[in-house]
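Source file: target_13.txt; contents: compact mmCIF, C-alpha atoms and all ligand atoms.
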```txt
# COMPACT_ATOMS: atom_id res chain seq x y z
CA MET A 83 -44.03 -2.19 4.16
CA ALA A 84 -43.69 1.61 4.16
CA ALA A 85 -46.38 4.21 4.88
CA LEU A 86 -46.50 7.98 4.56
CA ASP A 87 -46.38 9.65 7.97
CA PRO A 88 -49.47 11.84 8.57
CA ARG A 89 -47.44 14.56 10.37
CA HIS A 90 -44.48 14.57 8.00
CA THR A 91 -45.75 14.10 4.49
CA ASN A 92 -42.20 13.90 3.08
CA ALA A 93 -41.46 10.78 5.20
CA LEU A 94 -42.07 7.12 4.32
CA VAL A 95 -41.83 5.08 7.53
CA TYR A 96 -40.79 1.40 7.29
CA ASP A 97 -42.85 -0.39 9.92
CA HIS A 98 -42.13 -3.95 8.72
CA PRO A 99 -41.64 -6.24 11.77
CA LEU A 100 -38.15 -7.32 10.66
CA VAL A 101 -37.04 -3.71 10.18
CA GLN A 102 -38.37 -2.76 13.62
CA HIS A 103 -36.79 -5.84 15.25
CA LYS A 104 -33.34 -5.06 13.83
CA LEU A 105 -33.66 -1.32 14.57
CA THR A 106 -34.45 -2.05 18.22
CA ARG A 107 -31.36 -4.26 18.49
CA LEU A 108 -29.31 -1.52 16.81
CA ARG A 109 -30.49 1.12 19.27
CA SER A 110 -29.46 -0.90 22.33
CA ARG A 111 -26.29 0.32 24.01
CA ASP A 112 -25.39 -3.36 24.59
CA THR A 113 -25.00 -4.00 20.84
CA ASN A 114 -21.29 -4.24 20.01
CA TYR A 115 -19.52 -2.79 16.94
CA ALA A 116 -19.59 -6.00 14.93
CA ASP A 117 -23.31 -6.54 15.46
CA PHE A 118 -24.01 -2.84 14.92
CA ARG A 119 -22.32 -2.92 11.48
CA ARG A 120 -24.05 -6.13 10.47
CA LEU A 121 -27.51 -4.93 11.56
CA LEU A 122 -27.06 -1.57 9.80
CA ASN A 123 -26.29 -3.27 6.49
CA GLU A 124 -29.11 -5.78 6.95
CA LEU A 125 -31.54 -2.91 7.54
CA ALA A 126 -30.31 -1.07 4.45
CA GLY A 127 -30.82 -4.23 2.39
CA LEU A 128 -34.36 -4.71 3.69
CA MET A 129 -35.26 -1.10 2.93
CA ALA A 130 -33.59 -1.09 -0.52
CA TYR A 131 -36.34 -3.16 -2.14
CA GLU A 132 -39.02 -0.59 -1.31
CA VAL A 133 -36.76 2.43 -1.93
CA CYS A 134 -36.37 1.24 -5.53
CA ARG A 135 -40.10 0.77 -6.10
CA ASN A 136 -40.55 3.84 -8.32
CA LEU A 137 -37.30 3.74 -10.26
CA PRO A 138 -37.93 4.26 -13.97
CA THR A 139 -37.73 1.16 -16.21
CA ARG A 140 -37.62 0.68 -19.98
CA GLU A 141 -38.74 -2.18 -22.20
CA VAL A 142 -36.00 -4.39 -23.64
CA GLU A 143 -35.94 -7.46 -25.87
CA ILE A 144 -33.84 -10.48 -24.96
CA GLU A 145 -33.37 -14.10 -26.03
CA THR A 146 -34.21 -16.71 -23.43
CA PRO A 147 -32.89 -20.24 -24.10
CA VAL A 148 -36.36 -20.93 -25.53
CA ALA A 149 -37.63 -17.82 -27.32
CA ARG A 150 -37.41 -14.09 -27.85
CA ALA A 151 -39.02 -12.15 -24.99
CA LYS A 152 -39.78 -8.65 -23.86
CA GLY A 153 -38.78 -7.56 -20.37
CA ARG A 154 -38.15 -4.43 -18.34
CA MET A 155 -34.85 -3.14 -16.99
CA LEU A 156 -33.82 -0.03 -15.08
CA ALA A 157 -33.87 2.85 -17.54
CA THR A 158 -30.88 4.80 -16.25
CA PRO A 159 -27.86 4.13 -14.03
CA VAL A 160 -28.51 4.52 -10.32
CA THR A 161 -25.94 6.07 -7.99
CA ILE A 162 -25.76 5.34 -4.27
CA VAL A 163 -24.24 8.27 -2.37
CA PRO A 164 -23.33 7.69 1.29
CA ILE A 165 -22.72 10.77 3.43
CA LEU A 166 -19.37 10.05 5.14
CA ARG A 167 -18.79 8.60 7.52
CA ALA A 168 -21.93 6.92 8.80
CA GLY A 169 -23.58 6.45 5.40
CA LEU A 170 -20.80 3.99 4.57
CA GLY A 171 -22.33 1.66 7.14
CA MET A 172 -25.41 1.15 4.93
CA THR A 173 -23.75 1.08 1.52
CA ASP A 174 -22.86 -2.61 1.32
CA GLY A 175 -26.39 -3.50 2.36
CA LEU A 176 -27.82 -1.49 -0.53
CA LEU A 177 -25.24 -2.88 -2.96
CA SER A 178 -26.09 -6.45 -2.00
CA LEU A 179 -29.51 -5.92 -3.59
CA PHE A 180 -28.26 -3.60 -6.24
CA PRO A 181 -24.77 -4.60 -7.41
CA GLU A 182 -24.95 -2.57 -10.66
CA ALA A 183 -25.25 0.77 -8.85
CA ARG A 184 -22.40 3.28 -8.96
CA VAL A 185 -21.21 4.75 -5.66
CA GLY A 186 -20.40 8.44 -5.12
CA HIS A 187 -19.24 9.95 -1.82
CA ILE A 188 -20.01 13.19 -0.01
CA GLY A 189 -18.03 13.93 3.16
CA ILE A 190 -19.82 16.11 5.71
CA TYR A 191 -19.41 16.41 9.48
CA ARG A 192 -21.30 18.54 11.98
CA ASP A 193 -19.44 21.30 13.76
CA GLU A 194 -19.63 20.12 17.40
CA SER A 195 -20.72 23.45 18.89
CA THR A 196 -23.13 24.73 16.23
CA ALA A 197 -24.24 21.42 14.61
CA LYS A 198 -23.85 23.17 11.25
CA PRO A 199 -22.65 20.95 8.37
CA VAL A 200 -19.04 21.23 7.15
CA THR A 201 -18.29 19.67 3.76
CA TYR A 202 -14.82 18.20 3.23
CA TYR A 203 -15.18 15.81 0.27
CA SER A 204 -17.24 15.20 -2.82
CA LYS A 205 -16.62 12.63 -5.54
CA LEU A 206 -19.50 11.76 -7.84
CA PRO A 207 -19.77 10.08 -11.25
CA ASP A 208 -19.41 12.68 -14.05
CA ASP A 209 -22.86 11.84 -15.35
CA VAL A 210 -24.51 11.52 -11.93
CA ALA A 211 -27.40 13.68 -13.21
CA HIS A 212 -28.24 10.99 -15.77
CA GLY A 213 -30.11 8.83 -13.22
CA PRO A 214 -31.62 8.68 -9.74
CA VAL A 215 -29.50 9.06 -6.61
CA ILE A 216 -30.06 7.12 -3.39
CA LEU A 217 -28.55 9.36 -0.70
CA VAL A 218 -27.71 7.42 2.48
CA ASP A 219 -27.11 8.46 6.08
CA PRO A 220 -28.54 6.57 9.07
CA MET A 221 -29.20 9.74 11.10
CA LEU A 222 -31.35 12.76 10.19
CA ALA A 223 -31.03 15.07 13.23
CA THR A 224 -31.21 18.82 12.49
CA GLY A 225 -31.33 17.84 8.81
CA GLY A 226 -28.46 20.20 8.00
CA SER A 227 -26.10 17.52 6.62
CA ALA A 228 -28.72 15.87 4.41
CA ALA A 229 -30.09 19.18 3.12
CA HIS A 230 -26.57 20.29 2.25
CA ALA A 231 -25.82 17.00 0.48
CA VAL A 232 -29.01 17.48 -1.56
CA ASP A 233 -27.80 21.00 -2.48
CA ILE A 234 -24.55 19.48 -3.79
CA LEU A 235 -26.40 16.87 -5.85
CA GLN A 236 -28.85 19.41 -7.26
CA GLU A 237 -25.97 21.72 -8.23
CA ARG A 238 -24.75 18.76 -10.29
CA GLY A 239 -28.16 18.53 -11.96
CA VAL A 240 -29.61 15.48 -10.16
CA LEU A 241 -33.42 15.56 -10.30
CA ASN A 242 -34.47 12.30 -8.61
CA ILE A 243 -33.08 12.03 -5.05
CA GLN A 244 -34.28 9.46 -2.50
CA LEU A 245 -32.92 9.99 1.02
CA VAL A 246 -32.56 6.76 3.05
CA CYS A 247 -31.98 7.04 6.79
CA LEU A 248 -32.86 4.89 9.79
CA VAL A 249 -33.75 7.34 12.52
CA ALA A 250 -35.19 10.78 11.78
CA ALA A 251 -35.94 13.63 14.19
CA PRO A 252 -39.04 15.75 13.57
CA GLU A 253 -36.73 18.79 13.31
CA GLY A 254 -34.78 17.22 10.44
CA LEU A 255 -37.91 16.21 8.57
CA THR A 256 -39.28 19.74 8.90
CA LEU A 257 -36.06 21.25 7.56
CA MET A 258 -36.03 18.82 4.64
CA ARG A 259 -39.65 19.62 3.82
CA GLU A 260 -38.93 23.36 3.93
CA GLN A 261 -35.73 23.23 1.87
CA HIS A 262 -36.30 20.18 -0.35
CA PRO A 263 -40.00 19.22 -0.46
CA GLU A 264 -39.32 17.15 -3.61
CA VAL A 265 -37.10 14.66 -1.73
CA VAL A 266 -38.78 11.60 -0.17
CA VAL A 267 -37.21 10.60 3.16
CA HIS A 268 -37.26 6.82 3.71
CA THR A 269 -36.83 6.07 7.41
CA ALA A 270 -37.31 3.20 9.86
CA ALA A 271 -38.40 5.54 12.67
CA ILE A 272 -39.38 9.10 13.54
CA ASP A 273 -38.11 9.77 17.05
CA GLU A 274 -39.28 12.28 19.69
CA ARG A 275 -36.90 15.24 19.45
CA LEU A 276 -33.34 16.54 19.58
CA ASN A 277 -31.58 17.14 22.91
CA GLU A 278 -29.49 20.22 23.80
CA HIS A 279 -26.48 18.70 21.95
CA TYR A 280 -28.57 18.16 18.81
CA TYR A 281 -28.60 14.38 19.34
CA ILE A 282 -31.72 12.40 18.51
CA VAL A 283 -33.78 11.21 21.53
CA PRO A 284 -34.03 8.27 22.05
CA GLY A 285 -31.94 7.72 18.88
CA LEU A 286 -29.02 5.32 18.91
CA GLY A 287 -26.12 7.58 19.87
CA ASP A 288 -23.38 8.64 17.46
CA ALA A 289 -23.78 6.36 14.46
CA GLY A 290 -20.29 7.01 13.02
CA ASP A 291 -18.61 6.24 16.33
CA ARG A 292 -20.67 3.09 16.82
CA ILE A 293 -19.82 1.82 13.31
CA PHE A 294 -16.12 2.59 13.43
CA GLY A 295 -15.41 2.29 17.16
CA THR A 296 -14.03 5.81 17.49
CA HIS A 297 -15.51 7.17 20.70
C1 LIG A 301 -23.81 12.47 11.80
C2 LIG A 301 -24.73 11.66 10.92
C3 LIG A 301 -25.22 12.69 9.93
C4 LIG A 301 -25.31 13.93 10.78
C5 LIG A 301 -26.76 14.15 11.15
O1 LIG A 301 -22.59 12.67 11.22
O2 LIG A 301 -24.10 10.57 10.31
O3 LIG A 301 -24.35 12.88 8.83
O4 LIG A 301 -24.54 13.68 11.96
O5 LIG A 301 -26.89 15.34 11.83
P1 LIG A 301 -27.66 16.59 11.23
O6 LIG A 301 -28.92 16.09 10.67
O7 LIG A 301 -27.85 17.47 12.43
O8 LIG A 301 -26.78 17.25 10.20
P2 LIG A 301 -21.37 13.31 12.04
O9 LIG A 301 -21.39 14.80 11.95
O10 LIG A 301 -21.36 12.75 13.41
O11 LIG A 301 -20.12 12.84 11.20
P3 LIG A 301 -19.50 11.36 11.07
O12 LIG A 301 -20.51 10.52 10.33
O13 LIG A 301 -18.25 11.60 10.28
O14 LIG A 301 -19.24 10.83 12.44
N1 LIG A 302 -25.58 12.21 14.51
C1 LIG A 302 -25.61 10.99 15.11
O1 LIG A 302 -24.80 10.10 14.77
N2 LIG A 302 -26.53 10.78 16.07
C2 LIG A 302 -27.41 11.73 16.44
O2 LIG A 302 -28.24 11.47 17.34
C3 LIG A 302 -27.36 12.99 15.82
C4 LIG A 302 -26.44 13.19 14.85
```

Structure translated into structure tokens:
Amino acid sequence: MAALDPRHTNALVYDHPLVQHKLTRLRSRDTNYADFRRLLNELAGLMAYEVCRNLPTREVEIETPVARAKGRMLATPVTIVPILRAGLGMTDGLLSLFPEARVGHIGIYRDESTAKPVTYYSKLPDDVAHGPVILVDPMLATGGSAAHAVDILQERGVLNIQLVCLVAAPEGLTLMREQHPEVVVHTAAIDERLNEHYYIVPGLGDAGDRIFGTH
């Protein structure tokens, strides 16, 4: 379902037909807010299965109604961390597959003239470092917001960070590889480039505005 990109070796690209079908509908300017929100969560749910592929498990013993049995369960608690605002649009989709996960929040917006990240909020479980973190934001443009969110998580001691986005620009993937080569970027698409306003081309516009109807 996902393959390493030959040009960006930190990127796993999800080329599954259903992912691509829903992404194309999401990109269309004719898709309204309600459909945009629904598609975003559906895409996050489809990607979640593969994102979790390498999570550590441990052996446990349980009683079935018939006999004692050995099984495997996730070894440590997983925390989903959306980058506010737009990451919220994927969180329910991930939780639908993964209801036991905790949810932390990091609030970052881009300064409109410089596109540099500005952090305004951070609330994470006290023991967030105890397990993997799935960091979520549909858009990776310059990469500044995601790289900064990874800094915050690493300052808290988190070692295993998976970044899940939908649309990545080559510029953002390059920045992530330079600053955080240990972080795998899961994405449904790698687009052409950024425009002069640091928006992804062709992209899907401003994800936060399209989720929350604020433009
Ligand atoms: C968007 C998006 C990312 C960021 C990506 O957020 O959701 O967080 O831009 O851009 P970057 O890779 O260049 O940092 P935005 O700043 O629009 O804030 P919002 O989600 O609150 O609307
Ligand atoms: N943030 C968005 O929401 N869209 C872009 O294209 C770039 C940053």

In terms of all atoms listed in the file, the residue from A:Leu137, A:Ile272, A:Ala229, A:Ile144 at minimal distance from A:Arg89 is A:Ile272

Within 7 Å of ligand LIG 302 (chain A) (counting only C-alpha atoms and all ligand atoms), which residues show up? I'd like them as a PyMOL selection string. chain A and resi 221-223+280-283+285-290

Just checking: using all atoms listed in the file, which residue out of A:Tyr191, A:Phe294, A:Tyr115, A:Tyr202 ends up closest to ligand LIG 301 (chain A)? A:Tyr191

Between atom CA of A:Ala231 and atom CA of A:Asp208, distance in Å (one decimal):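 These two atoms are separated by 16.5 Å.
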
For A:Ala157, which residue out of A:His212, A:Arg238, A:Arg119, A:Arg109 is the nearest one, using all atoms listed in the file?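 The closest residue to A:Ala157 is A:His212.
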
What residues have any atom no more than 10 Å from ligand LIG 301 (chain A) when counting all atoms listed in the file, and can you list them as a ChimeraX atom specification? /A:164-171,188-194,196-200,218-231,247,249-251,253-255,257-258,276,279-282,287-294,296-297

Using C-alpha atoms, can you write the selected residues to a file as a PDB file, in the coordinates of the input?
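Result written to again32.pdb:
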```
ATOM      1  CA  PRO A 164     -23.330   7.690   1.290  1.00  0.00           C
ATOM      2  CA  ILE A 165     -22.720  10.770   3.430  1.00  0.00           C
ATOM      3  CA  LEU A 166     -19.370  10.050   5.140  1.00  0.00           C
ATOM      4  CA  ARG A 167     -18.790   8.600   7.520  1.00  0.00           C
ATOM      5  CA  ALA A 168     -21.930   6.920   8.800  1.00  0.00           C
ATOM      6  CA  GLY A 169     -23.580   6.450   5.400  1.00  0.00           C
ATOM      7  CA  LEU A 170     -20.800   3.990   4.570  1.00  0.00           C
ATOM      8  CA  GLY A 171     -22.330   1.660   7.140  1.00  0.00           C
ATOM      9  CA  ILE A 188     -20.010  13.190  -0.010  1.00  0.00           C
ATOM     10  CA  GLY A 189     -18.030  13.930   3.160  1.00  0.00           C
ATOM     11  CA  ILE A 190     -19.820  16.110   5.710  1.00  0.00           C
ATOM     12  CA  TYR A 191     -19.410  16.410   9.480  1.00  0.00           C
ATOM     13  CA  ARG A 192     -21.300  18.540  11.980  1.00  0.00           C
ATOM     14  CA  ASP A 193     -19.440  21.300  13.760  1.00  0.00           C
ATOM     15  CA  GLU A 194     -19.630  20.120  17.400  1.00  0.00           C
ATOM     16  CA  THR A 196     -23.130  24.730  16.230  1.00  0.00           C
ATOM     17  CA  ALA A 197     -24.240  21.420  14.610  1.00  0.00           C
ATOM     18  CA  LYS A 198     -23.850  23.170  11.250  1.00  0.00           C
ATOM     19  CA  PRO A 199     -22.650  20.950   8.370  1.00  0.00           C
ATOM     20  CA  VAL A 200     -19.040  21.230   7.150  1.00  0.00           C
ATOM     21  CA  VAL A 218     -27.710   7.420   2.480  1.00  0.00           C
ATOM     22  CA  ASP A 219     -27.110   8.460   6.080  1.00  0.00           C
ATOM     23  CA  PRO A 220     -28.540   6.570   9.070  1.00  0.00           C
ATOM     24  CA  MET A 221     -29.200   9.740  11.100  1.00  0.00           C
ATOM     25  CA  LEU A 222     -31.350  12.760  10.190  1.00  0.00           C
ATOM     26  CA  ALA A 223     -31.030  15.070  13.230  1.00  0.00           C
ATOM     27  CA  THR A 224     -31.210  18.820  12.490  1.00  0.00           C
ATOM     28  CA  GLY A 225     -31.330  17.840   8.810  1.00  0.00           C
ATOM     29  CA  GLY A 226     -28.460  20.200   8.000  1.00  0.00           C
ATOM     30  CA  SER A 227     -26.100  17.520   6.620  1.00  0.00           C
ATOM     31  CA  ALA A 228     -28.720  15.870   4.410  1.00  0.00           C
ATOM     32  CA  ALA A 229     -30.090  19.180   3.120  1.00  0.00           C
ATOM     33  CA  HIS A 230     -26.570  20.290   2.250  1.00  0.00           C
ATOM     34  CA  ALA A 231     -25.820  17.000   0.480  1.00  0.00           C
ATOM     35  CA  CYS A 247     -31.980   7.040   6.790  1.00  0.00           C
ATOM     36  CA  VAL A 249     -33.750   7.340  12.520  1.00  0.00           C
ATOM     37  CA  ALA A 250     -35.190  10.780  11.780  1.00  0.00           C
ATOM     38  CA  ALA A 251     -35.940  13.630  14.190  1.00  0.00           C
ATOM     39  CA  GLU A 253     -36.730  18.790  13.310  1.00  0.00           C
ATOM     40  CA  GLY A 254     -34.780  17.220  10.440  1.00  0.00           C
ATOM     41  CA  LEU A 255     -37.910  16.210   8.570  1.00  0.00           C
ATOM     42  CA  LEU A 257     -36.060  21.250   7.560  1.00  0.00           C
ATOM     43  CA  MET A 258     -36.030  18.820   4.640  1.00  0.00           C
ATOM     44  CA  LEU A 276     -33.340  16.540  19.580  1.00  0.00           C
ATOM     45  CA  HIS A 279     -26.480  18.700  21.950  1.00  0.00           C
ATOM     46  CA  TYR A 280     -28.570  18.160  18.810  1.00  0.00           C
ATOM     47  CA  TYR A 281     -28.600  14.380  19.340  1.00  0.00           C
ATOM     48  CA  ILE A 282     -31.720  12.400  18.510  1.00  0.00           C
ATOM     49  CA  GLY A 287     -26.120   7.580  19.870  1.00  0.00           C
ATOM     50  CA  ASP A 288     -23.380   8.640  17.460  1.00  0.00           C
ATOM     51  CA  ALA A 289     -23.780   6.360  14.460  1.00  0.00           C
ATOM     52  CA  GLY A 290     -20.290   7.010  13.020  1.00  0.00           C
ATOM     53  CA  ASP A 291     -18.610   6.240  16.330  1.00  0.00           C
ATOM     54  CA  ARG A 292     -20.670   3.090  16.820  1.00  0.00           C
ATOM     55  CA  ILE A 293     -19.820   1.820  13.310  1.00  0.00           C
ATOM     56  CA  PHE A 294     -16.120   2.590  13.430  1.00  0.00           C
ATOM     57  CA  THR A 296     -14.030   5.810  17.490  1.00  0.00           C
ATOM     58  CA  HIS A 297     -15.510   7.170  20.700  1.00  0.00           C
TER      59      HIS A 297
END
```

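Residue nearest A:Lys104, chosen from A:Pro284, A:Pro252, A:Gly127, A:Pro88 and counting all atoms listed in the file: A:Gly127.
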